[in-house]
>>> print(open('run-v4.txt').read())   # compact mmCIF, C-alpha atoms
# COMPACT_ATOMS: atom_id res chain seq x y z
CA MET A 1 -37.90 8.28 51.15
CA ILE A 2 -40.11 7.35 48.28
CA ASN A 3 -41.46 3.84 48.26
CA THR A 4 -40.83 2.30 44.88
CA LYS A 5 -43.77 -0.07 45.10
CA LEU A 6 -46.03 2.90 45.67
CA ALA A 7 -44.43 4.71 42.79
CA ARG A 8 -45.20 1.80 40.52
CA GLY A 9 -48.81 2.01 41.63
CA MET A 10 -48.77 -1.56 42.87
CA GLU A 11 -50.33 -0.75 46.23
CA ILE A 12 -52.61 2.09 45.27
CA GLN A 13 -54.57 0.66 42.37
CA GLY A 14 -57.78 1.83 43.98
CA SER A 15 -56.71 5.46 43.82
CA PRO A 16 -55.48 6.55 40.41
CA LEU A 17 -55.11 10.16 41.55
CA LEU A 18 -52.92 9.18 44.49
CA ALA A 19 -50.93 6.91 42.19
CA GLU A 20 -50.40 9.85 39.85
CA PHE A 21 -49.18 12.06 42.70
CA VAL A 22 -46.79 9.42 43.98
CA LEU A 23 -45.44 8.74 40.50
CA ARG A 24 -44.92 12.45 39.83
CA GLY A 25 -43.19 12.79 43.19
CA PHE A 26 -40.91 9.89 42.36
CA GLU A 27 -40.02 11.29 38.95
CA GLN A 28 -39.39 14.73 40.44
CA LYS A 29 -37.12 13.25 43.11
CA LEU A 30 -35.33 11.14 40.50
CA SER A 31 -34.82 14.21 38.33
CA GLU A 32 -33.30 16.21 41.22
CA LEU A 33 -31.05 13.38 42.31
CA TYR A 34 -29.94 12.67 38.75
CA GLU A 35 -28.84 16.28 38.39
CA ASP A 36 -26.79 16.01 41.59
CA PHE A 37 -25.38 12.69 40.36
CA GLN A 38 -24.32 14.16 37.04
CA GLN A 39 -22.67 17.06 38.89
CA GLY A 40 -20.67 14.52 40.90
CA GLU A 41 -22.18 15.70 44.18
CA ILE A 42 -23.71 12.31 44.96
CA SER A 43 -22.85 8.76 43.94
CA LEU A 44 -25.05 6.26 42.15
CA GLY A 45 -25.39 4.31 45.39
CA TYR A 46 -26.57 7.41 47.25
CA LEU A 47 -29.06 8.19 44.47
CA ALA A 48 -30.44 4.65 44.80
CA GLU A 49 -30.67 4.86 48.59
CA GLN A 50 -32.59 8.12 48.44
CA LEU A 51 -35.10 6.53 46.06
CA GLY A 52 -35.42 3.43 48.22
CA ILE A 53 -34.14 1.15 45.48
CA SER A 54 -30.98 -0.88 44.88
CA PRO A 55 -28.16 0.44 42.66
CA TRP A 56 -29.03 -2.29 40.14
CA GLU A 57 -32.59 -0.98 39.97
CA ALA A 58 -31.24 2.56 39.67
CA VAL A 59 -29.06 1.62 36.69
CA HIS A 60 -31.96 -0.10 34.92
CA LEU A 61 -34.30 2.76 35.77
CA LEU A 62 -31.90 5.34 34.30
CA LYS A 63 -31.33 3.21 31.20
CA GLU A 64 -35.08 2.89 30.65
CA ARG A 65 -35.29 6.69 30.62
CA GLY A 66 -32.37 7.02 28.21
CA LEU A 67 -30.18 8.62 30.89
CA ARG A 68 -26.48 7.98 31.38
CA THR A 69 -25.60 5.62 34.21
CA THR A 70 -22.23 7.11 35.09
CA ASN A 71 -21.21 10.64 35.97
CA LEU A 72 -17.94 10.42 34.04
CA MET B 1 -2.83 -11.38 38.93
CA LEU B 2 -4.31 -8.03 39.91
CA LYS B 3 -6.28 -7.74 43.13
CA LEU B 4 -9.38 -5.63 42.86
CA VAL B 5 -12.29 -4.37 44.94
CA PHE B 6 -15.37 -3.54 42.88
CA ASP B 7 -18.08 -1.13 43.84
CA THR B 8 -21.59 -1.90 42.68
CA ALA B 9 -21.75 0.34 39.63
CA ALA B 10 -18.52 -1.05 38.17
CA LEU B 11 -19.68 -4.61 38.85
CA ILE B 12 -22.99 -3.91 37.10
CA THR B 13 -21.18 -2.63 34.00
CA CYS B 14 -18.99 -5.73 33.87
CA CYS B 15 -22.05 -7.95 34.15
CA GLN B 16 -24.12 -6.07 31.57
CA PHE B 17 -21.80 -5.98 28.59
CA ASN B 18 -20.63 -8.98 26.57
CA VAL B 19 -17.60 -9.44 24.35
CA HIS B 20 -17.02 -12.62 22.35
CA GLY B 21 -20.19 -14.05 23.87
CA MET B 22 -18.81 -13.67 27.37
CA PRO B 23 -19.65 -11.05 29.99
CA VAL B 24 -16.85 -8.53 30.57
CA VAL B 25 -16.65 -9.65 34.20
CA GLU B 26 -15.63 -13.15 33.08
CA HIS B 27 -12.82 -11.72 30.95
CA ILE B 28 -11.60 -9.73 33.94
CA LEU B 29 -11.78 -12.72 36.26
CA THR B 30 -9.34 -14.64 34.05
CA ALA B 31 -6.66 -12.15 35.09
CA CYS B 32 -7.81 -10.67 38.38
CA ALA B 33 -8.87 -11.65 41.87
CA VAL B 34 -12.06 -9.74 42.64
CA VAL B 35 -13.44 -9.10 46.09
CA ILE B 36 -16.55 -7.15 47.06
CA PRO B 37 -17.72 -5.93 50.46
CA GLY B 38 -20.84 -7.30 52.16
CA ALA B 39 -22.97 -4.31 51.19
CA VAL B 40 -22.27 -4.84 47.49
CA GLN B 41 -23.17 -8.52 47.88
CA SER B 42 -26.46 -7.53 49.56
CA GLU B 43 -27.24 -5.22 46.66
CA VAL B 44 -26.62 -8.10 44.24
CA THR B 45 -28.88 -10.39 46.25
CA ILE B 46 -31.74 -7.89 46.34
CA ALA B 47 -31.59 -7.39 42.57
CA SER B 48 -30.96 -10.97 41.49
CA ASP B 49 -34.64 -11.92 41.38
CA ARG B 50 -35.31 -9.24 38.76
CA TYR B 51 -32.25 -8.69 36.62
CA VAL B 52 -30.22 -11.07 34.51
CA ASP B 53 -26.99 -9.13 35.12
CA ALA B 54 -27.51 -9.33 38.88
CA GLN B 55 -28.18 -13.07 38.54
CA LEU B 56 -24.81 -13.42 36.83
CA ALA B 57 -23.12 -11.59 39.71
CA ALA B 58 -24.95 -13.79 42.21
CA ARG B 59 -23.75 -16.92 40.40
CA LEU B 60 -20.15 -15.71 40.38
CA ILE B 61 -20.35 -15.01 44.11
CA ALA B 62 -21.94 -18.41 44.81
CA ALA B 63 -19.20 -20.11 42.77
CA GLY B 64 -16.52 -18.26 44.72
CA LYS B 65 -15.21 -16.56 41.59
CA VAL B 66 -16.04 -13.22 43.18
CA GLN B 67 -15.06 -13.25 46.83
CA VAL B 68 -16.98 -11.45 49.55
CA GLU B 69 -15.27 -9.90 52.53
CA SER B 70 -17.08 -8.06 55.26
CA VAL B 71 -15.86 -4.75 56.53
CA VAL B 72 -17.12 -2.79 59.51
CA LEU B 73 -17.58 0.94 59.12
CA PRO B 74 -16.84 2.57 62.45
CA ARG B 75 -19.35 5.04 63.85
CA SER B 76 -18.81 8.65 62.83
CA ASN B 77 -16.34 7.72 60.09
CA VAL B 78 -15.31 10.35 57.56
CA LEU B 79 -17.11 8.63 54.70
CA GLU B 80 -20.38 9.64 56.38
CA TYR B 81 -19.64 13.24 55.42
CA TYR B 82 -20.05 12.33 51.76
CA LYS B 83 -23.16 11.48 49.80
CA LEU B 84 -21.97 7.99 48.93
CA GLY B 85 -24.04 4.81 49.06
CA LEU B 86 -23.23 2.07 51.55
CA GLY B 87 -21.70 -0.12 48.85
CA GLU B 88 -19.27 2.60 47.80
CA LYS B 89 -18.35 3.40 51.41
CA GLU B 90 -17.68 -0.24 52.20
CA ALA B 91 -15.69 -0.72 49.00
CA ILE B 92 -13.40 2.17 49.98
CA ALA B 93 -13.14 0.89 53.56
CA LEU B 94 -12.32 -2.61 52.29
CA CYS B 95 -9.45 -1.22 50.23
CA LEU B 96 -8.12 0.55 53.33
CA LYS B 97 -8.45 -2.68 55.31
CA LYS B 98 -6.66 -4.81 52.73
CA GLY B 99 -3.73 -2.44 52.26
CA GLU B 100 -1.75 -1.15 49.32
CA ASN B 101 -1.69 -4.12 47.00
CA ILE B 102 -5.28 -3.78 45.88
CA SER B 103 -7.19 -1.33 43.69
CA LEU B 104 -10.72 -0.03 43.90
CA ILE B 105 -12.56 -0.21 40.58
CA THR B 106 -15.13 2.56 40.41
CA ASP B 107 -16.74 4.65 37.70
CA ASP B 108 -18.30 7.05 40.17
CA ARG B 109 -16.81 10.52 40.25
CA LEU B 110 -17.43 11.15 43.94
CA ALA B 111 -16.19 7.72 45.03
CA TYR B 112 -13.07 8.24 42.89
CA ILE B 113 -12.31 11.63 44.45
CA VAL B 114 -12.94 10.44 48.01
CA SER B 115 -10.75 7.37 47.54
CA ASP B 116 -8.04 9.60 46.07
CA ARG B 117 -8.15 11.79 49.17
CA MET B 118 -7.71 8.66 51.28
CA ARG B 119 -4.74 7.50 49.20
CA VAL B 120 -6.63 4.42 48.10
CA GLN B 121 -5.39 2.93 44.83
CA LYS B 122 -8.23 3.22 42.36
CA LEU B 123 -8.91 2.76 38.68
CA LEU B 124 -11.76 3.59 36.39
CA LEU B 125 -12.98 0.43 34.68
CA LEU B 126 -11.52 1.72 31.40
CA ASP B 127 -8.14 2.19 33.09
CA LEU B 128 -8.30 -1.33 34.47
CA VAL B 129 -8.55 -2.58 30.89
CA VAL B 130 -5.53 -0.46 29.95
CA GLU B 131 -3.64 -1.78 32.96
CA LEU B 132 -4.42 -5.40 32.01
CA VAL B 133 -2.95 -4.82 28.55
CA ALA B 134 0.11 -3.08 30.01
CA SER B 135 0.60 -6.04 32.36
CA ARG B 136 0.21 -8.47 29.45
CA LEU B 137 -2.81 -10.01 31.11
CA MET B 138 -5.14 -9.10 28.26
CA SER B 139 -4.65 -8.66 24.52
CA SER B 140 -4.96 -5.18 23.11
CA ALA B 141 -7.59 -6.42 20.65
CA LEU B 142 -9.82 -7.79 23.41
CA ALA B 143 -9.32 -4.62 25.46
CA GLU B 144 -10.39 -2.50 22.52
CA GLU B 145 -13.53 -4.59 22.07
CA ILE B 146 -14.38 -4.24 25.76
CA VAL B 147 -13.92 -0.47 25.58
CA ARG B 148 -16.14 -0.25 22.49
CA ALA B 149 -18.78 -2.51 24.08
CA THR B 150 -19.04 -0.33 27.19
CA GLU B 151 -19.14 2.90 25.18
CA PRO B 152 -22.78 3.75 26.08
CA ARG B 153 -21.72 4.15 29.71
CA TYR B 154 -19.27 6.99 29.19
CA SER B 155 -19.13 10.48 27.83
CA GLY B 156 -17.14 10.86 24.63
CA GLY B 157 -13.67 11.75 25.82
CA PHE B 158 -13.19 8.68 27.96
CA ILE B 159 -13.70 6.19 25.15
CA ALA B 160 -11.66 8.07 22.54
CA HIS B 161 -8.82 8.63 25.00
CA THR B 162 -8.77 4.99 26.11
CA LEU B 163 -8.69 3.77 22.51
CA LYS B 164 -5.81 6.15 21.79
CA ILE B 165 -3.86 4.84 24.80
CA LEU B 166 -4.42 1.27 23.63
CA GLU B 167 -3.40 2.17 20.08
CA ARG B 168 -0.23 3.99 21.15
CA GLY B 169 0.62 1.79 24.12
CA ASP B 170 1.50 4.92 26.03
CA ARG B 171 -0.53 6.54 28.78
CA LYS B 172 1.24 9.84 28.31
CA CYS B 173 0.39 10.13 24.64
CA LEU B 174 -1.05 13.47 23.65
CA VAL B 175 -1.87 12.68 20.04
>>> encode(input="run-v4.txt", output="structure tokens")
Amino acid sequence: MINTKLARGMEIQGSPLLAEFVLRGFEQKLSELYEDFQQGEISLGYLAEQLGISPWEAVHLLKERGLRTTNL
Amino acid sequence: MLKLVFDTAALITCCQFNVHGMPVVEHILTACAVVIPGAVQSEVTIASDRYVDAQLAARLIAAGKVQVESVVLPRSNVLEYYKLGLGEKEAIALCLKKGENISLITDDRLAYIVSDRMRVQKLLLLDLVVELVASRLMSSALAEEIVRATEPRYSGGFIAHTLKILERGDRKCLV
């Protein structure tokens, strides 16, 4: 499970390269999960759990990226 | 008064969008008794230090306007077979616990299908608005404004269809 704080680079400020890897990993995981979510194979709550964030964070995160927050 | 169980995503939508200067959730609470399971409350609590919409939900819970009822998911329950979040699983289980006179409000496709398989009464949020108008618990004009306000959440057909139902006053309308 990806740690969101790591993904935001809050705990790895001393290592920009590691921060970049973690962020890319997070975005890749988000992209895969979002596809499953849009297919109706997973719920929003499951997507959030797999990213280690709350559903509220997931909704805001998707909105920030211009993605739809329902799979209807 | 309709009795409803909300899952997290539906609650978020109702807290995010405003109509007539009032969050959609407040409009719904004038006509409905809303209960959420413990997991959904926990998700609200976690988010309420960061998001205004979660703070609204937290206030409604603290004021007792949104009730919280715990539900225990037994080990090896069938919901574990699905890729649902804990909040969605508990919301479905709470509906089963409370019986037939209550509806799950969810906008999640998987949660909707699973609850259908379990014979749980369920409504999309848009269909709740339609139901409130049909029950004379909400004006058609307000319902239409709520539907238009939440438009960014849904793909095209859902909004257009809901507006047509409200316009015609008939769920079975084809045109």
>>> residues_around(input="run-v4.txt", residues="Leu44 in chain A", least_positions_apart="3", cutoff="9 Å", atoms="all atoms listed in the file", output="ChimeraX atom specification")
/A:34,37,47-49,55,58-59,69-71 /B:8-9,84-85,88,108
>>> closest_residue(input="run-v4.txt", among="B:Ala160, B:Ile113, B:Ala54, B:Leu125", to="Val5 in chain B", atoms="only C-alpha atoms")
B:Leu125
>>> residues_around(input="run-v4.txt", residues="Val66 in chain B", least_positions_apart="6", cutoff="6 Å", atoms="only C-alpha atoms", output="list of chain:residue names")
B:Val34, B:Val35, B:Leu60
>>> closest_residue(input="run-v4.txt", among="B:Lys3, B:Lys89, B:Arg171, B:Lys65", to="Tyr46 in chain A", atoms="all atoms listed in the file")
B:Lys89
>>> residues_around(input="run-v4.txt", residues="Lys29 in chain A", least_positions_apart="3", cutoff="9 Å", atoms="all atoms listed in the file", output="PDB file with C-alpha atoms, keeping the file's coordinate frame")
ATOM      1  CA  ILE A   2     -40.110   7.350  48.280  1.00  0.00           C
ATOM      2  CA  ARG A  24     -44.920  12.450  39.830  1.00  0.00           C
ATOM      3  CA  GLY A  25     -43.190  12.790  43.190  1.00  0.00           C
ATOM      4  CA  PHE A  26     -40.910   9.890  42.360  1.00  0.00           C
ATOM      5  CA  GLU A  32     -33.300  16.210  41.220  1.00  0.00           C
ATOM      6  CA  LEU A  33     -31.050  13.380  42.310  1.00  0.00           C
ATOM      7  CA  TYR A  34     -29.940  12.670  38.750  1.00  0.00           C
ATOM      8  CA  GLN A  50     -32.590   8.120  48.440  1.00  0.00           C
ATOM      9  CA  LEU A  51     -35.100   6.530  46.060  1.00  0.00           C
TER      10      LEU A  51
END
>>> closest_residue(input="run-v4.txt", among="B:Ala134, B:Leu56, B:Ala47, B:Ala62", to="His60 in chain A", atoms="only C-alpha atoms")
B:Ala47
>>> closest_residue(input="run-v4.txt", among="A:Gln28, A:Ala19, A:Gly45, A:Leu72", to="Tyr154 in chain B", atoms="all atoms listed in the file")
A:Leu72
>>> atom_distance(input="run-v4.txt", atom1="CA of Glu151 in chain B", atom2="CA of Val52 in chain B")
20.1 Å
>>> atom_distance(input="run-v4.txt", atom1="CA of Glu100 in chain B", atom2="CA of Thr30 in chain B")
21.7 Å
>>> build_atoms(input="run-v4.txt", residues="range 25-43 of chain B", atoms="N, CA and C atoms", output="compact mmCIF listing (two decimals), in the frame of the given file")
# COMPACT_ATOMS: atom_id res chain seq x y z
N VAL B 25 -17.15 -9.22 32.88
CA VAL B 25 -16.65 -9.65 34.20
C VAL B 25 -15.88 -10.96 34.10
N GLU B 26 -16.32 -11.85 33.22
CA GLU B 26 -15.63 -13.15 33.08
C GLU B 26 -14.25 -12.95 32.47
N HIS B 27 -14.14 -12.03 31.52
CA HIS B 27 -12.82 -11.72 30.95
C HIS B 27 -11.89 -11.20 32.03
N ILE B 28 -12.42 -10.33 32.88
CA ILE B 28 -11.60 -9.73 33.94
C ILE B 28 -11.18 -10.79 34.95
N LEU B 29 -12.08 -11.70 35.25
CA LEU B 29 -11.78 -12.72 36.26
C LEU B 29 -10.70 -13.70 35.81
N THR B 30 -10.44 -13.77 34.51
CA THR B 30 -9.34 -14.64 34.05
C THR B 30 -7.98 -14.08 34.47
N ALA B 31 -7.94 -12.77 34.78
CA ALA B 31 -6.66 -12.15 35.09
C ALA B 31 -6.62 -11.46 36.45
N CYS B 32 -7.74 -11.45 37.14
CA CYS B 32 -7.81 -10.67 38.38
C CYS B 32 -8.54 -11.44 39.48
N ALA B 33 -8.13 -11.16 40.71
CA ALA B 33 -8.87 -11.65 41.87
C ALA B 33 -9.78 -10.51 42.32
N VAL B 34 -11.09 -10.79 42.33
CA VAL B 34 -12.06 -9.74 42.64
C VAL B 34 -12.73 -10.02 43.97
N VAL B 35 -12.76 -8.99 44.80
CA VAL B 35 -13.44 -9.10 46.09
C VAL B 35 -14.41 -7.93 46.21
N ILE B 36 -15.55 -8.21 46.83
CA ILE B 36 -16.55 -7.15 47.06
C ILE B 36 -16.89 -7.14 48.55
N PRO B 37 -17.30 -5.99 49.06
CA PRO B 37 -17.72 -5.93 50.46
C PRO B 37 -19.14 -6.47 50.63
N GLY B 38 -19.52 -6.73 51.86
CA GLY B 38 -20.84 -7.30 52.16
C GLY B 38 -21.99 -6.48 51.61
N ALA B 39 -21.86 -5.16 51.67
CA ALA B 39 -22.97 -4.31 51.19
C ALA B 39 -23.20 -4.49 49.70
N VAL B 40 -22.11 -4.64 48.94
CA VAL B 40 -22.27 -4.84 47.49
C VAL B 40 -22.92 -6.20 47.23
N GLN B 41 -22.52 -7.20 48.02
CA GLN B 41 -23.17 -8.52 47.88
C GLN B 41 -24.68 -8.42 48.17
N SER B 42 -25.04 -7.69 49.22
CA SER B 42 -26.46 -7.53 49.56
C SER B 42 -27.22 -6.87 48.41
N GLU B 43 -26.58 -5.90 47.77
CA GLU B 43 -27.24 -5.22 46.66
C GLU B 43 -27.44 -6.17 45.48
